[in-house]
>>> print(open('structure30.txt').read())   # compact mmCIF, C-alpha atoms and all ligand atoms
# COMPACT_ATOMS: atom_id res chain seq x y z
CA MET A 1 80.71 -159.82 -88.19
CA GLU A 2 83.70 -161.90 -87.08
CA LEU A 3 85.90 -160.59 -84.31
CA SER A 4 89.59 -161.48 -84.29
CA GLN A 5 90.67 -164.06 -81.75
CA GLU A 6 92.27 -161.37 -79.61
CA HIS A 7 89.08 -159.28 -79.63
CA ARG A 8 86.95 -162.33 -78.90
CA MET A 9 89.11 -163.21 -75.89
CA LEU A 10 88.83 -159.67 -74.60
CA GLN A 11 85.06 -159.74 -75.08
CA ASP A 12 84.76 -163.03 -73.15
CA MET A 13 86.96 -161.73 -70.37
CA VAL A 14 85.02 -158.47 -69.97
CA ARG A 15 81.69 -160.29 -70.23
CA GLN A 16 82.63 -162.63 -67.39
CA PHE A 17 83.95 -159.78 -65.29
CA VAL A 18 80.77 -157.74 -65.83
CA ALA A 19 78.52 -160.68 -64.92
CA ALA A 20 80.45 -161.28 -61.70
CA GLU A 21 81.28 -157.75 -60.57
CA VAL A 22 79.13 -155.16 -62.34
CA GLU A 23 75.69 -156.65 -62.96
CA PRO A 24 75.05 -157.45 -59.26
CA VAL A 25 75.57 -153.80 -58.20
CA ALA A 26 74.40 -151.85 -61.26
CA ALA A 27 70.92 -151.03 -59.91
CA GLN A 28 72.38 -150.03 -56.56
CA LEU A 29 74.93 -147.66 -58.13
CA ASP A 30 72.06 -145.95 -59.94
CA GLU A 31 69.74 -145.85 -56.94
CA GLU A 32 72.36 -144.57 -54.49
CA GLU A 33 74.19 -142.35 -57.01
CA LYS A 34 77.32 -144.25 -56.05
CA PHE A 35 80.53 -143.82 -58.03
CA PRO A 36 81.89 -147.23 -59.14
CA ALA A 37 85.31 -146.79 -57.51
CA GLU A 38 85.71 -150.44 -56.49
CA ILE A 39 84.74 -151.71 -59.93
CA LEU A 40 87.27 -149.38 -61.53
CA GLN A 41 89.94 -150.71 -59.22
CA LYS A 42 89.17 -154.27 -60.33
CA MET A 43 89.00 -153.20 -63.97
CA SER A 44 92.41 -151.64 -63.69
CA GLU A 45 93.80 -154.99 -62.51
CA LEU A 46 92.53 -156.47 -65.80
CA GLY A 47 94.23 -153.72 -67.79
CA LEU A 48 90.94 -152.20 -68.93
CA LEU A 49 91.79 -148.61 -68.00
CA GLY A 50 94.51 -148.36 -70.60
CA ILE A 51 93.19 -150.65 -73.35
CA PRO A 52 94.18 -148.72 -76.50
CA PHE A 53 97.53 -147.33 -75.35
CA PRO A 54 100.95 -148.87 -76.01
CA GLU A 55 102.52 -151.09 -73.38
CA GLU A 56 105.50 -148.73 -73.08
CA TYR A 57 103.13 -146.26 -71.37
CA GLY A 58 101.49 -148.93 -69.23
CA GLY A 59 98.61 -149.60 -71.62
CA ALA A 60 97.29 -152.94 -72.83
CA GLY A 61 98.64 -152.35 -76.34
CA MET A 62 95.29 -153.03 -77.98
CA ASP A 63 93.25 -150.84 -80.34
CA THR A 64 90.10 -148.74 -80.69
CA THR A 65 88.05 -151.80 -81.63
CA ALA A 66 89.09 -153.42 -78.34
CA PHE A 67 88.12 -150.22 -76.51
CA ALA A 68 84.69 -150.25 -78.19
CA ILE A 69 84.17 -153.93 -77.31
CA ALA A 70 84.98 -153.34 -73.64
CA VAL A 71 82.73 -150.27 -73.39
CA GLU A 72 79.85 -152.10 -75.07
CA GLU A 73 80.15 -155.08 -72.72
CA VAL A 74 80.21 -152.92 -69.60
CA ALA A 75 77.29 -150.78 -70.85
CA ARG A 76 75.14 -153.89 -71.33
CA SER A 77 74.93 -154.02 -67.54
CA CYS A 78 75.88 -150.60 -66.22
CA ALA A 79 76.09 -147.45 -68.33
CA SER A 80 77.32 -145.42 -65.34
CA THR A 81 80.43 -147.58 -65.10
CA ALA A 82 80.80 -147.63 -68.89
CA ILE A 83 80.79 -143.84 -69.25
CA THR A 84 83.30 -143.52 -66.43
CA LEU A 85 85.62 -145.92 -68.27
CA CYS A 86 84.89 -144.35 -71.64
CA ALA A 87 85.56 -140.74 -70.57
CA HIS A 88 88.70 -141.75 -68.69
CA ILE A 89 90.19 -143.39 -71.78
CA SER A 90 88.95 -141.29 -74.66
CA LEU A 91 88.76 -137.85 -73.05
CA GLY A 92 91.20 -138.10 -70.14
CA ALA A 93 94.08 -140.16 -71.51
CA TYR A 94 93.71 -139.97 -75.30
CA PRO A 95 94.59 -136.24 -75.67
CA ILE A 96 97.76 -136.74 -73.64
CA TYR A 97 98.73 -139.75 -75.74
CA THR A 98 97.93 -137.96 -79.02
CA PHE A 99 99.15 -134.42 -78.39
CA GLY A 100 101.52 -134.73 -75.44
CA ASN A 101 105.31 -134.64 -75.53
CA GLU A 102 107.32 -137.58 -74.16
CA GLU A 103 107.67 -135.95 -70.77
CA GLN A 104 103.90 -135.43 -70.44
CA LYS A 105 103.14 -138.95 -71.66
CA ASN A 106 105.60 -140.49 -69.21
CA LYS A 107 104.28 -138.32 -66.40
CA TYR A 108 100.60 -139.20 -66.80
CA LEU A 109 99.91 -142.23 -68.99
CA PRO A 110 101.30 -144.98 -66.71
CA GLY A 111 99.14 -143.72 -63.81
CA LEU A 112 96.08 -143.32 -66.03
CA CYS A 113 96.51 -146.77 -67.56
CA SER A 114 97.11 -148.51 -64.24
CA GLY A 115 94.12 -146.81 -62.65
CA GLU A 116 96.28 -145.10 -60.04
CA PHE A 117 94.28 -142.00 -60.98
CA LEU A 118 91.59 -140.95 -63.43
CA GLY A 119 91.52 -138.30 -66.15
CA ALA A 120 88.85 -135.88 -67.35
CA PHE A 121 88.26 -133.43 -70.18
CA GLY A 122 87.29 -129.88 -69.27
CA LEU A 123 85.83 -128.32 -72.39
CA THR A 124 82.15 -127.54 -71.80
CA GLU A 125 81.19 -124.31 -70.06
CA PRO A 126 77.91 -122.68 -69.04
CA ASP A 127 77.87 -120.73 -72.34
CA ALA A 128 79.85 -123.09 -74.57
CA GLY A 129 78.60 -126.60 -75.38
CA SER A 130 77.82 -127.19 -79.03
CA ASP A 131 79.87 -124.11 -79.91
CA ALA A 132 83.12 -125.60 -78.68
CA GLY A 133 85.08 -122.58 -79.95
CA GLY A 134 83.04 -120.20 -77.79
CA ILE A 135 84.63 -120.95 -74.44
CA LYS A 136 85.31 -118.05 -72.08
CA THR A 137 87.83 -119.57 -69.68
CA ARG A 138 91.00 -117.50 -69.99
CA ALA A 139 94.64 -118.47 -69.80
CA GLU A 140 96.97 -115.50 -69.40
CA ARG A 141 100.73 -115.44 -69.29
CA LYS A 142 102.19 -114.24 -66.01
CA ASN A 143 105.88 -114.38 -65.08
CA GLY A 144 106.47 -117.21 -67.53
CA ASN A 145 103.55 -119.27 -66.21
CA TRP A 146 99.89 -119.51 -67.28
CA VAL A 147 97.05 -118.31 -65.08
CA ILE A 148 93.68 -119.90 -65.78
CA ASP A 149 90.36 -118.35 -64.78
CA GLY A 150 86.95 -119.74 -65.65
CA ARG A 151 84.36 -122.39 -65.02
CA LYS A 152 83.60 -125.76 -66.60
CA VAL A 153 80.34 -127.67 -66.30
CA PHE A 154 79.06 -131.22 -66.90
CA ILE A 155 82.57 -132.67 -66.71
CA THR A 156 82.44 -136.47 -66.55
CA ASN A 157 84.87 -137.75 -63.87
CA GLY A 158 85.72 -134.10 -63.09
CA GLY A 159 85.47 -134.60 -59.35
CA LYS A 160 87.32 -137.91 -59.37
CA SER A 161 90.32 -137.14 -61.57
CA LYS A 162 93.84 -136.11 -60.83
CA VAL A 163 94.44 -134.57 -64.25
CA ILE A 164 91.94 -132.40 -66.12
CA ILE A 165 92.57 -131.60 -69.79
CA THR A 166 91.50 -127.97 -69.71
CA SER A 167 90.63 -125.82 -72.73
CA ALA A 168 91.15 -122.10 -72.29
CA ARG A 169 91.40 -119.02 -74.48
CA SER A 170 95.05 -118.06 -74.45
CA ASN A 171 95.03 -115.45 -77.20
CA PRO A 172 91.76 -113.54 -77.55
CA GLN A 173 93.24 -111.48 -80.40
CA ALA A 174 93.70 -114.54 -82.61
CA PRO A 175 90.88 -115.88 -84.84
CA LYS A 176 88.33 -117.97 -82.90
CA HIS A 177 89.71 -121.38 -83.87
CA LYS A 178 93.32 -120.41 -83.29
CA SER A 179 92.88 -118.74 -79.93
CA LEU A 180 92.41 -121.75 -77.65
CA SER A 181 95.07 -123.81 -75.90
CA THR A 182 94.92 -126.95 -73.79
CA PHE A 183 96.45 -127.30 -70.34
CA LEU A 184 97.02 -130.29 -68.10
CA VAL A 185 95.72 -129.11 -64.75
CA GLU A 186 96.07 -131.25 -61.66
CA ASN A 187 93.35 -131.28 -59.04
CA SER A 188 95.87 -130.35 -56.32
CA ASN A 189 96.83 -127.17 -58.16
CA PRO A 190 96.13 -124.02 -56.10
CA GLY A 191 93.25 -122.11 -57.67
CA PHE A 192 91.50 -125.25 -58.87
CA LYS A 193 88.43 -126.37 -56.98
CA LEU A 194 85.33 -128.43 -57.41
CA GLY A 195 81.93 -126.79 -57.78
CA LYS A 196 78.60 -128.51 -57.86
CA THR A 197 78.22 -132.27 -58.36
CA GLU A 198 75.22 -132.75 -60.64
CA LYS A 199 72.20 -134.90 -59.88
CA LYS A 200 70.98 -136.51 -63.07
CA LEU A 201 68.16 -138.27 -64.89
CA GLY A 202 70.43 -141.17 -65.78
CA LEU A 203 74.03 -142.36 -65.47
CA ARG A 204 73.52 -141.60 -61.82
CA GLY A 205 76.51 -143.63 -60.69
CA SER A 206 78.87 -141.53 -62.80
CA ASN A 207 80.42 -138.27 -61.66
CA THR A 208 79.33 -135.08 -63.45
CA GLN A 209 81.09 -132.10 -62.02
CA GLU A 210 81.42 -128.35 -62.14
CA LEU A 211 85.05 -127.18 -62.04
CA ILE A 212 86.22 -123.76 -60.94
CA TYR A 213 89.51 -122.15 -61.89
CA GLU A 214 90.39 -119.01 -59.92
CA ASN A 215 93.83 -117.61 -60.43
CA CYS A 216 94.91 -121.18 -61.19
CA GLU A 217 98.58 -120.90 -62.08
CA VAL A 218 100.30 -123.66 -64.02
CA THR A 219 103.87 -123.91 -65.30
CA PRO A 220 104.66 -123.83 -69.06
CA ASP A 221 105.09 -127.61 -69.14
CA ALA A 222 101.34 -127.93 -68.51
CA LEU A 223 100.64 -126.67 -72.06
CA LEU A 224 99.55 -129.61 -74.24
CA GLY A 225 100.96 -129.37 -77.77
CA ALA A 226 101.32 -125.90 -79.25
CA GLU A 227 99.68 -122.73 -78.11
CA GLY A 228 96.65 -122.02 -80.33
CA ASP A 229 96.03 -125.67 -81.15
CA GLY A 230 93.33 -126.12 -78.50
CA PHE A 231 90.28 -126.07 -80.78
CA LYS A 232 91.70 -128.63 -83.20
CA GLN A 233 92.79 -130.82 -80.29
CA ALA A 234 89.29 -130.66 -78.78
CA VAL A 235 87.42 -131.56 -81.97
CA THR A 236 89.91 -134.30 -82.80
CA THR A 237 89.49 -135.74 -79.30
CA LEU A 238 85.73 -135.67 -79.78
CA ASP A 239 86.02 -137.43 -83.15
CA GLU A 240 87.64 -140.35 -81.36
CA GLY A 241 85.47 -140.06 -78.25
CA ARG A 242 82.29 -140.46 -80.28
CA ILE A 243 83.26 -144.03 -81.13
CA GLY A 244 83.19 -144.69 -77.40
CA ILE A 245 79.75 -143.09 -76.99
CA GLY A 246 78.52 -145.10 -79.99
CA ALA A 247 79.75 -148.28 -78.28
CA LEU A 248 78.16 -147.22 -75.01
CA ALA A 249 74.80 -146.54 -76.67
CA LEU A 250 75.09 -149.88 -78.45
CA GLY A 251 75.69 -151.66 -75.13
CA ILE A 252 72.70 -149.94 -73.51
CA ALA A 253 70.49 -150.96 -76.45
CA GLN A 254 71.79 -154.54 -76.37
CA GLY A 255 71.23 -154.81 -72.61
CA ALA A 256 67.65 -153.50 -72.83
CA TYR A 257 66.91 -155.76 -75.80
CA ASP A 258 68.30 -158.86 -74.03
CA ARG A 259 65.98 -158.21 -71.12
CA ALA A 260 62.94 -157.49 -73.27
CA ARG A 261 63.52 -160.67 -75.27
CA GLU A 262 63.73 -162.81 -72.13
CA TYR A 263 60.70 -161.13 -70.61
CA ALA A 264 58.67 -161.65 -73.79
CA LYS A 265 59.43 -165.37 -73.65
CA GLN A 266 58.27 -165.64 -70.02
CA ARG A 267 55.29 -163.31 -69.85
CA ILE A 268 52.00 -165.10 -70.56
CA GLN A 269 49.02 -163.16 -71.88
CA PHE A 270 46.03 -164.50 -73.77
CA GLY A 271 47.25 -168.00 -72.93
CA LYS A 272 50.73 -167.83 -74.50
CA PRO A 273 54.06 -166.03 -74.09
CA ILE A 274 53.82 -162.51 -75.48
CA ALA A 275 56.82 -163.39 -77.73
CA LYS A 276 54.35 -165.52 -79.69
CA HIS A 277 52.24 -162.45 -80.47
CA GLN A 278 53.20 -160.74 -83.69
CA ALA A 279 52.89 -157.26 -82.16
CA ILE A 280 55.80 -158.13 -79.85
CA GLN A 281 57.73 -160.10 -82.48
CA PHE A 282 57.79 -157.06 -84.75
CA LYS A 283 59.12 -154.89 -81.94
CA LEU A 284 61.88 -157.40 -81.17
CA ALA A 285 62.73 -157.70 -84.86
CA ASP A 286 63.08 -153.93 -85.20
CA MET A 287 65.18 -153.72 -82.04
CA ALA A 288 67.54 -156.49 -83.18
CA THR A 289 67.92 -154.93 -86.62
CA GLU A 290 68.74 -151.48 -85.26
CA ILE A 291 71.27 -152.94 -82.82
CA GLU A 292 72.97 -154.84 -85.64
CA ALA A 293 73.14 -151.70 -87.78
CA ALA A 294 74.52 -149.66 -84.88
CA ARG A 295 77.15 -152.31 -84.17
CA LEU A 296 78.36 -152.30 -87.78
CA LEU A 297 78.67 -148.51 -87.73
CA VAL A 298 80.57 -148.50 -84.43
CA TYR A 299 82.97 -151.23 -85.52
CA GLN A 300 83.47 -149.61 -88.91
CA ALA A 301 84.45 -146.30 -87.30
CA ALA A 302 86.83 -148.11 -84.93
CA TRP A 303 88.33 -150.12 -87.78
CA LEU A 304 88.93 -146.97 -89.85
CA LYS A 305 90.66 -145.28 -86.94
CA ASP A 306 92.75 -148.37 -86.24
CA HIS A 307 93.84 -148.44 -89.88
CA GLN A 308 94.78 -144.73 -89.92
CA LYS A 309 91.99 -143.91 -92.38
CA PRO A 310 89.70 -140.86 -92.20
CA PHE A 311 86.90 -141.54 -89.72
CA ILE A 312 85.35 -138.17 -88.76
CA LYS A 313 82.15 -138.89 -90.71
CA GLN A 314 81.83 -142.47 -89.49
CA SER A 315 82.43 -141.64 -85.83
CA ALA A 316 79.69 -138.99 -85.98
CA MET A 317 77.42 -141.43 -87.86
CA CYS A 318 77.95 -144.24 -85.37
CA LYS A 319 77.34 -141.94 -82.42
CA LEU A 320 74.24 -140.42 -84.02
CA TYR A 321 72.70 -143.69 -85.09
CA ALA A 322 73.60 -145.79 -82.04
CA SER A 323 72.36 -143.15 -79.58
CA GLU A 324 69.06 -142.61 -81.37
CA ALA A 325 68.64 -146.38 -81.81
CA ALA A 326 69.28 -146.77 -78.06
CA MET A 327 66.40 -144.36 -77.37
CA ARG A 328 64.05 -146.34 -79.61
CA VAL A 329 65.20 -149.73 -78.31
CA THR A 330 64.98 -148.80 -74.61
CA ASN A 331 61.55 -147.27 -75.22
CA ALA A 332 60.37 -150.49 -76.89
CA ALA A 333 61.91 -152.56 -74.07
CA ILE A 334 59.73 -150.72 -71.55
CA GLN A 335 56.69 -151.10 -73.80
CA ILE A 336 57.24 -154.86 -73.99
CA HIS A 337 57.46 -155.02 -70.19
CA GLY A 338 54.21 -153.03 -69.90
CA GLY A 339 53.59 -151.79 -66.34
CA TYR A 340 56.58 -153.79 -65.10
CA GLY A 341 58.81 -151.73 -67.36
CA PHE A 342 57.80 -148.57 -65.55
CA ILE A 343 58.79 -149.71 -62.08
CA LYS A 344 62.20 -150.28 -60.58
CA ASP A 345 61.78 -154.03 -60.02
CA TYR A 346 62.95 -154.42 -63.63
CA PRO A 347 66.07 -152.72 -65.00
CA VAL A 348 64.71 -151.42 -68.31
CA GLU A 349 63.62 -148.05 -66.90
CA ARG A 350 67.26 -147.45 -65.94
CA TYR A 351 68.40 -148.24 -69.48
CA TYR A 352 65.83 -145.79 -70.83
CA ARG A 353 67.08 -143.00 -68.54
CA ASP A 354 70.73 -143.79 -69.24
CA ALA A 355 70.24 -143.83 -73.02
CA LYS A 356 69.15 -140.19 -73.17
CA LEU A 357 72.57 -138.75 -72.47
CA MET A 358 73.96 -140.62 -75.48
CA THR A 359 72.09 -138.23 -77.78
CA ILE A 360 73.59 -135.22 -75.95
CA GLY A 361 77.11 -135.85 -74.59
CA GLU A 362 80.18 -135.41 -76.81
CA GLY A 363 78.03 -133.50 -79.26
CA THR A 364 74.25 -133.56 -79.58
CA SER A 365 72.53 -135.43 -82.39
CA GLU A 366 72.14 -132.05 -84.09
CA ILE A 367 75.91 -131.48 -83.96
CA GLN A 368 76.55 -134.99 -85.33
CA ARG A 369 74.29 -134.21 -88.30
CA LEU A 370 76.17 -130.97 -88.83
CA VAL A 371 79.55 -132.78 -88.74
CA ILE A 372 78.25 -135.47 -91.15
CA ALA A 373 76.77 -132.88 -93.51
CA ARG A 374 80.02 -130.89 -93.64
CA GLN A 375 81.92 -134.07 -94.42
CA ILE A 376 79.62 -135.38 -97.15
CA LEU A 377 79.32 -132.00 -98.83
CA GLN A 378 83.09 -131.76 -99.26
CA GLU A 379 83.53 -135.35 -100.51
N1 LIG B 401 87.40 -132.94 -86.59
C1 LIG B 401 88.52 -132.34 -87.00
N2 LIG B 401 88.57 -131.05 -87.37
C2 LIG B 401 87.42 -130.35 -87.33
C3 LIG B 401 86.21 -130.92 -86.92
C4 LIG B 401 86.22 -132.28 -86.54
N3 LIG B 401 85.12 -132.91 -86.11
N4 LIG B 401 85.23 -129.99 -86.97
C5 LIG B 401 85.82 -128.86 -87.40
N5 LIG B 401 87.14 -129.07 -87.64
C6 LIG B 401 88.12 -128.12 -88.12
C7 LIG B 401 87.68 -127.56 -89.46
O1 LIG B 401 88.14 -128.37 -90.51
C8 LIG B 401 88.30 -126.19 -89.46
O2 LIG B 401 89.67 -126.33 -89.78
P1 LIG B 401 90.46 -125.19 -90.65
O3 LIG B 401 90.45 -123.97 -89.77
O4 LIG B 401 91.81 -125.79 -90.82
O5 LIG B 401 89.68 -125.00 -91.89
C9 LIG B 401 88.23 -125.75 -87.99
O6 LIG B 401 88.15 -126.98 -87.23
C10 LIG B 401 87.02 -124.90 -87.69
O7 LIG B 401 85.89 -125.60 -88.13
P2 LIG B 401 84.45 -124.95 -88.26
O8 LIG B 401 84.53 -123.63 -88.97
O9 LIG B 401 83.55 -126.01 -88.82
O10 LIG B 401 84.10 -124.67 -86.73
P3 LIG B 401 82.74 -124.23 -86.01
O11 LIG B 401 83.08 -123.25 -84.96
O12 LIG B 401 81.70 -123.89 -87.02
O13 LIG B 401 82.29 -125.53 -85.20
C11 LIG B 401 81.72 -127.78 -84.73
C12 LIG B 401 82.45 -126.79 -85.64
C13 LIG B 401 80.28 -127.44 -84.49
C14 LIG B 401 81.81 -129.09 -85.49
C15 LIG B 401 82.46 -127.86 -83.38
O14 LIG B 401 82.27 -126.68 -82.63
C16 LIG B 401 82.01 -129.03 -82.55
O15 LIG B 401 82.48 -130.16 -82.75
N6 LIG B 401 81.07 -128.79 -81.61
C17 LIG B 401 80.56 -129.85 -80.75
C18 LIG B 401 81.33 -129.86 -79.51
C19 LIG B 401 80.86 -130.93 -78.62
O16 LIG B 401 80.78 -132.09 -78.99
N7 LIG B 401 80.55 -130.51 -77.38
C20 LIG B 401 80.20 -131.43 -76.37
C21 LIG B 401 81.39 -131.66 -75.53
S1 LIG B 401 81.07 -132.96 -74.47
S2 LIG B 401 82.86 -133.51 -73.93
>>> encode(input="structure30.txt", output="structure tokens")
Amino acid sequence: MELSQEHRMLQDMVRQFVAAEVEPVAAQLDEEEKFPAEILQKMSELGLLGIPFPEEYGGAGMDTTAFAIAVEEVARSCASTAITLCAHISLGAYPIYTFGNEEQKNKYLPGLCSGEFLGAFGLTEPDAGSDAGGIKTRAERKNGNWVIDGRKVFITNGGKSKVIITSARSNPQAPKHKSLSTFLVENSNPGFKLGKTEKKLGLRGSNTQELIYENCEVTPDALLGAEGDGFKQAVTTLDEGRIGIGALALGIAQGAYDRAREYAKQRIQFGKPIAKHQAIQFKLADMATEIEAARLLVYQAAWLKDHQKPFIKQSAMCKLYASEAAMRVTNAAIQIHGGYGFIKDYPVERYYRDAKLMTIGEGTSEIQRLVIARQILQE
């Protein structure tokens, strides 16, 4: 697949940046559960925090394909940094760009794009994950304002963001899918506080946060779009976000494969490099094929979105396939490394741990199959 010259230049630029600034610290971020704040600062100077948004809002004026390329390149070295970037753009900034009024866009997008502050998406709750319409957080009208009460869990960047896109049930009497609304809640707002910061199997450098809303009062201008549109806004955001997770999974798979391939060429057993043994060649061939297929699906979904064509099915397909391929590829990468793959002297165990979340976040593999099935059955 040929990238355009603009995309190729972006890819080269991000690749060089990652080699110089991300790769050297990726293992440390994982080991010490350290948030990549300094890397984000440097990324913002390159314009990476606002890649797909128009220049008038401080963005880089590029497209979803460019976003996918950048996420993939970062994930090849550090999935913790990649998911921080990915969630900031596709879950933190995208809903404001897509559903916000001019005032809201001008208030938040320049700061989000410049990296002055981060954004997060508060949808998931203790009892509402796959069933996005089942959230219990309430937003009630009081003296012309909205008062939000509830709890969000597993929120990527939740503890590091100034603005949290918050889904809440504003009209319990309305039908399930018409009863949610979305609010832009700032972290300094009275009644908003941080709960537990999660410790995780993988993506340990990223921030995964519980958020607590207690009598959290926001003014009417915090409402994003129309009242009752919250469910549609959330699923539409996830449609776009899944392209990012597909790209992230693709980058993890590519990074693990690159390392397994190099290792197989160096490691001597039975008097020759293990890459000369057919058992290992077949593994590498399968890995390379799956990565290629995942890449085509990710870029197809991004292309469709960039050309204003329907992409719900393809974004779910690319996320489903790339994440499950990443599990198989990272597993094979450890197998090729043998005992060395199981210890922390080599990075492939980190890739294996990081890959798992790709089959869960922004909709489990089961939800992706459900979304795909609903789409193909109505075609
Ligand atoms: N994109 C756009 N619109 C969608 C959609 C999607 N992916 N999925 C559903 N809709 C629309 C439907 O077309 C329907 O619209 P109408 O009312 O106009 O007919 C409406 O939303 C309700 O759809 P449906 O009846 O299918 O809703 P369900 O409650 O059965 O749930 C799923 C649909 C499961 C697809 C939804 O809850 C979902 O996406 N869940 C996963 C959430 C998720 O990814 N959580 C992880 C968050 S991590 S940030």
>>> closest_residue(input="structure30.txt", among="A:Glu31, A:Glu21, A:Asp127, A:Asp239", to="ligand LIG 401 (chain B)", atoms="all atoms listed in the file")
A:Asp239
>>> closest_residue(input="structure30.txt", among="A:Ala70, A:Ala249, A:Ala373, A:Val22", to="ligand LIG 401 (chain B)", atoms="all atoms listed in the file")
A:Ala373
>>> closest_atom_pairs(input="structure30.txt", of="chain A", to="ligand LIG 401 (chain B)", cutoff="8 Å", atoms="all atoms listed in the file", output="tab-separated table")
residue	atom	partner	partner_atom	distance
A:Leu91	CA	B:LIG401	S2	7.4
A:Phe121	CA	B:LIG401	S2	6.6
A:Gly122	CA	B:LIG401	S2	7.4
A:Leu123	CA	B:LIG401	S2	6.2
A:Thr124	CA	B:LIG401	C21	5.6
A:Ala128	CA	B:LIG401	N7	8.0
A:Gly129	CA	B:LIG401	N7	4.8
A:Ser130	CA	B:LIG401	C17	4.2
A:Asp131	CA	B:LIG401	O14	4.4
A:Ala132	CA	B:LIG401	O14	4.2
A:Gly133	CA	B:LIG401	O11	5.4
A:Gly134	CA	B:LIG401	O11	7.8
A:Ile155	CA	B:LIG401	S2	7.3
A:Thr156	CA	B:LIG401	S2	8.0
A:Lys176	CA	B:LIG401	O11	7.7
A:His177	CA	B:LIG401	C10	5.8
A:Lys178	CA	B:LIG401	O3	7.9
A:Phe231	CA	B:LIG401	O6	6.9
A:Lys232	CA	B:LIG401	O6	5.6
A:Ala234	CA	B:LIG401	O15	7.9
A:Val235	CA	B:LIG401	C4	4.8
A:Thr236	CA	B:LIG401	N1	4.7
A:Leu238	CA	B:LIG401	O16	6.2
A:Asp239	CA	B:LIG401	N3	5.5
A:Ile312	CA	B:LIG401	N3	5.9
A:Ile360	CA	B:LIG401	C20	7.6
A:Gly361	CA	B:LIG401	S1	4.9
A:Glu362	CA	B:LIG401	S1	3.5
A:Gly363	CA	B:LIG401	O16	3.1
A:Thr364	CA	B:LIG401	O16	6.7
A:Ile367	CA	B:LIG401	C17	5.9
A:Gln368	CA	B:LIG401	C14	7.9
A:Leu370	CA	B:LIG401	C14	6.8
A:Val371	CA	B:LIG401	C14	5.4
A:Arg374	CA	B:LIG401	O9	7.7
>>> residues_near_point(input="structure30.txt", point="(93.3, -129.0, -59.4)", cutoff="12 Å", atoms="only C-alpha atoms", output="short mmCIF file (atom, residue, chain, number, x, y, z; two decimals) with C-alpha atoms, in the coordinates of the input")
data_model
loop_
_atom_site.label_atom_id
_atom_site.label_comp_id
_atom_site.auth_asym_id
_atom_site.auth_seq_id
_atom_site.Cartn_x
_atom_site.Cartn_y
_atom_site.Cartn_z
CA GLY A 119 91.52 -138.30 -66.15
CA ALA A 120 88.85 -135.88 -67.35
CA GLY A 122 87.29 -129.88 -69.27
CA ILE A 148 93.68 -119.90 -65.78
CA GLY A 158 85.72 -134.10 -63.09
CA GLY A 159 85.47 -134.60 -59.35
CA LYS A 160 87.32 -137.91 -59.37
CA SER A 161 90.32 -137.14 -61.57
CA LYS A 162 93.84 -136.11 -60.83
CA VAL A 163 94.44 -134.57 -64.25
CA ILE A 164 91.94 -132.40 -66.12
CA ILE A 165 92.57 -131.60 -69.79
CA THR A 166 91.50 -127.97 -69.71
CA PHE A 183 96.45 -127.30 -70.34
CA LEU A 184 97.02 -130.29 -68.10
CA VAL A 185 95.72 -129.11 -64.75
CA GLU A 186 96.07 -131.25 -61.66
CA ASN A 187 93.35 -131.28 -59.04
CA SER A 188 95.87 -130.35 -56.32
CA ASN A 189 96.83 -127.17 -58.16
CA PRO A 190 96.13 -124.02 -56.10
CA GLY A 191 93.25 -122.11 -57.67
CA PHE A 192 91.50 -125.25 -58.87
CA LYS A 193 88.43 -126.37 -56.98
CA LEU A 194 85.33 -128.43 -57.41
CA GLY A 195 81.93 -126.79 -57.78
CA LEU A 211 85.05 -127.18 -62.04
CA ILE A 212 86.22 -123.76 -60.94
CA TYR A 213 89.51 -122.15 -61.89
CA GLU A 214 90.39 -119.01 -59.92
CA ASN A 215 93.83 -117.61 -60.43
CA CYS A 216 94.91 -121.18 -61.19
CA GLU A 217 98.58 -120.90 -62.08
CA VAL A 218 100.30 -123.66 -64.02
#
>>> residues_around(input="structure30.txt", residues="region 327-330 of chain A", least_positions_apart="2", cutoff="9 Å", atoms="only C-alpha atoms", output="JSON, numbers by chain")
{"A": [249, 252, 253, 254, 255, 256, 257, 283, 284, 286, 287, 288, 290, 291, 322, 323, 324, 325, 332, 333, 334, 335, 348, 349, 351, 352, 353, 355, 356, 358, 359]}
>>> residues_around(input="structure30.txt", residues="Ala75 (chain A)", least_positions_apart="2", cutoff="8 Å", atoms="all atoms listed in the file", output="compact mmCIF listing (two decimals) with C-alpha atoms, in the frame of the given file")
# COMPACT_ATOMS: atom_id res chain seq x y z
CA VAL A 71 82.73 -150.27 -73.39
CA GLU A 72 79.85 -152.10 -75.07
CA GLU A 73 80.15 -155.08 -72.72
CA SER A 77 74.93 -154.02 -67.54
CA CYS A 78 75.88 -150.60 -66.22
CA ALA A 79 76.09 -147.45 -68.33
CA SER A 80 77.32 -145.42 -65.34
CA THR A 81 80.43 -147.58 -65.10
CA ALA A 82 80.80 -147.63 -68.89
CA ILE A 83 80.79 -143.84 -69.25
CA LEU A 248 78.16 -147.22 -75.01
CA ALA A 249 74.80 -146.54 -76.67
CA LEU A 250 75.09 -149.88 -78.45
CA GLY A 251 75.69 -151.66 -75.13
CA ILE A 252 72.70 -149.94 -73.51
CA GLY A 255 71.23 -154.81 -72.61
>>> atom_distance(input="structure30.txt", atom1="CA of Pro110 (chain A)", atom2="CA of Ile69 (chain A)")
22.0 Å
>>> atom_distance(input="structure30.txt", atom1="CA of Asp221 (chain A)", atom2="CA of Lys196 (chain A)")
28.8 Å
>>> closest_residue(input="structure30.txt", among="A:Ala294, A:Ser315, A:Glu379, A:Ala260", to="Tyr340 (chain A)", atoms="all atoms listed in the file")
A:Ala260
